[in-house]
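Participant: Quick one: structure below, then a few questions.
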Amino acid sequence: MAMNFDQARLNMVENQVRPWEVLDGRVLDVIGNVHREDFVAAAHRQLAFADLCLPLGHGEVMMKPVVEGRVLQALDLQPTDHVLEIGTGSGFLTACLASLSAKVTSVDIHADFTVAATKRLQDAGFTNTSLVTGEAVDGWQPNELFDVLVVTGAVSSIPARWLTWLKTDARALIVRGQSPVQHATLLTHEGAGRYREETLFETDLPYLTHAEPLKRFVF
């Protein structure tokens with residue numbers, strides 16, 4: 001029997017995302033309206049709404065719906081915000097960010113991710129996204145400042161260069177720490193290089209390339 005995607009999407013929002021303390025109506029509406037099933041590999045289409053990290057290739061994963069909901073809620077996106085996303089992945093979170101903000105610039109190290117996500121976003125009607133292939137930990141450099149930064153992979157520590165890309169009052173959500181216990185951290189730029197930090201929740205994501213912990217030698 002064919003899957004009822006509309007019902008599955010509603011069930012995901014009501015039975016997974018909302019119970020995980022995601023109560024912002026705008027966020028719930030976006031997660032419920034963006035067709036998540038169109039942003040996963042065809043082989044995983046029936047699992048699009050499961051409480052799982054779905055594999056994307058290159059050792060990367062699509063975050064669980066509950067994590068995406070918490071991330072979007074914490075960022076408190078405004079219609080005038082210009083967002084930088086590091087780690088485009090499938091493009092689903094890009095679509096949600098674009099639904100809540102003025103513009104999204106998204107960078108991913110994997111060219112095939114960039115190409116596939118561009119097509120998915122175009123097919124879904126998004127015109128306020130700009131996707132770039134680049135290595136954002138050590139190499140790629142933007143030519144503007146952003147209101148919001150969101151990182152979809154983990155880092156062992158936050159690259160200092162990222163914080164120079166943020167406007168005053170900007171928010172950044174970054175997952176950092178040692179797997180399997182990493183923490184989603186919200187940083188708010190208070191000006192003059194000062195950042196207020198808030199730990200939101202625990203999770204476990206693959207590390208971005210060049211952001212892995214240093215290997216320790218055991219004698």
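By order of appearance in the structure tokens: chains A, B, ..., then residues from 1 within every chain, and ligands from 1 in the order shown.
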Find the residues near range 30-46 of chain A: any atom within 8 Å, counting only C-alpha atoms, skip ones fewer than 6 places away on the same chain, and give them as a VMD selection string.
Facilitator: chain A and resid 3 5 9 to 10 13 54 56 69 90 to 92 95 to 96 99 to 100 117 120
Participant: From the DSSP assignment of the backbone, select every residue of range 23-184 of chain A that is helix (DSSP H, G or I), and format the answer as a PyMOL selection string.
Facilitator: chain A and resi 25-33+36-39+42-47+65-75+92-100+111-123+160-163
Participant: If you measure from CA of Asp108 in chain A to CA of Thr127 in chain A, what distance in Å do you get, rounded to one decimal?
Facilitator: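 About the pair CA of Asp108 in chain A and CA of Thr127 in chain A: they are 18.5 Å apart.
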Participant: Just asking: which residues within range 40-212 of chain A are strand (DSSP E) according to DSSP, as an NGL selection string?
Facilitator: :A and (54-57 or 60-62 or 82-86 or 103-108 or 129-133 or 146-155 or 166-178 or 181-191 or 194-203)
Participant: Residues within 6 Å of Lys167 in chain A, please, as a ChimeraX atom specification. Count only C-alpha atoms; anything in the same chain fewer than 6 positions from it doesn't count.
Facilitator: /A:145-147
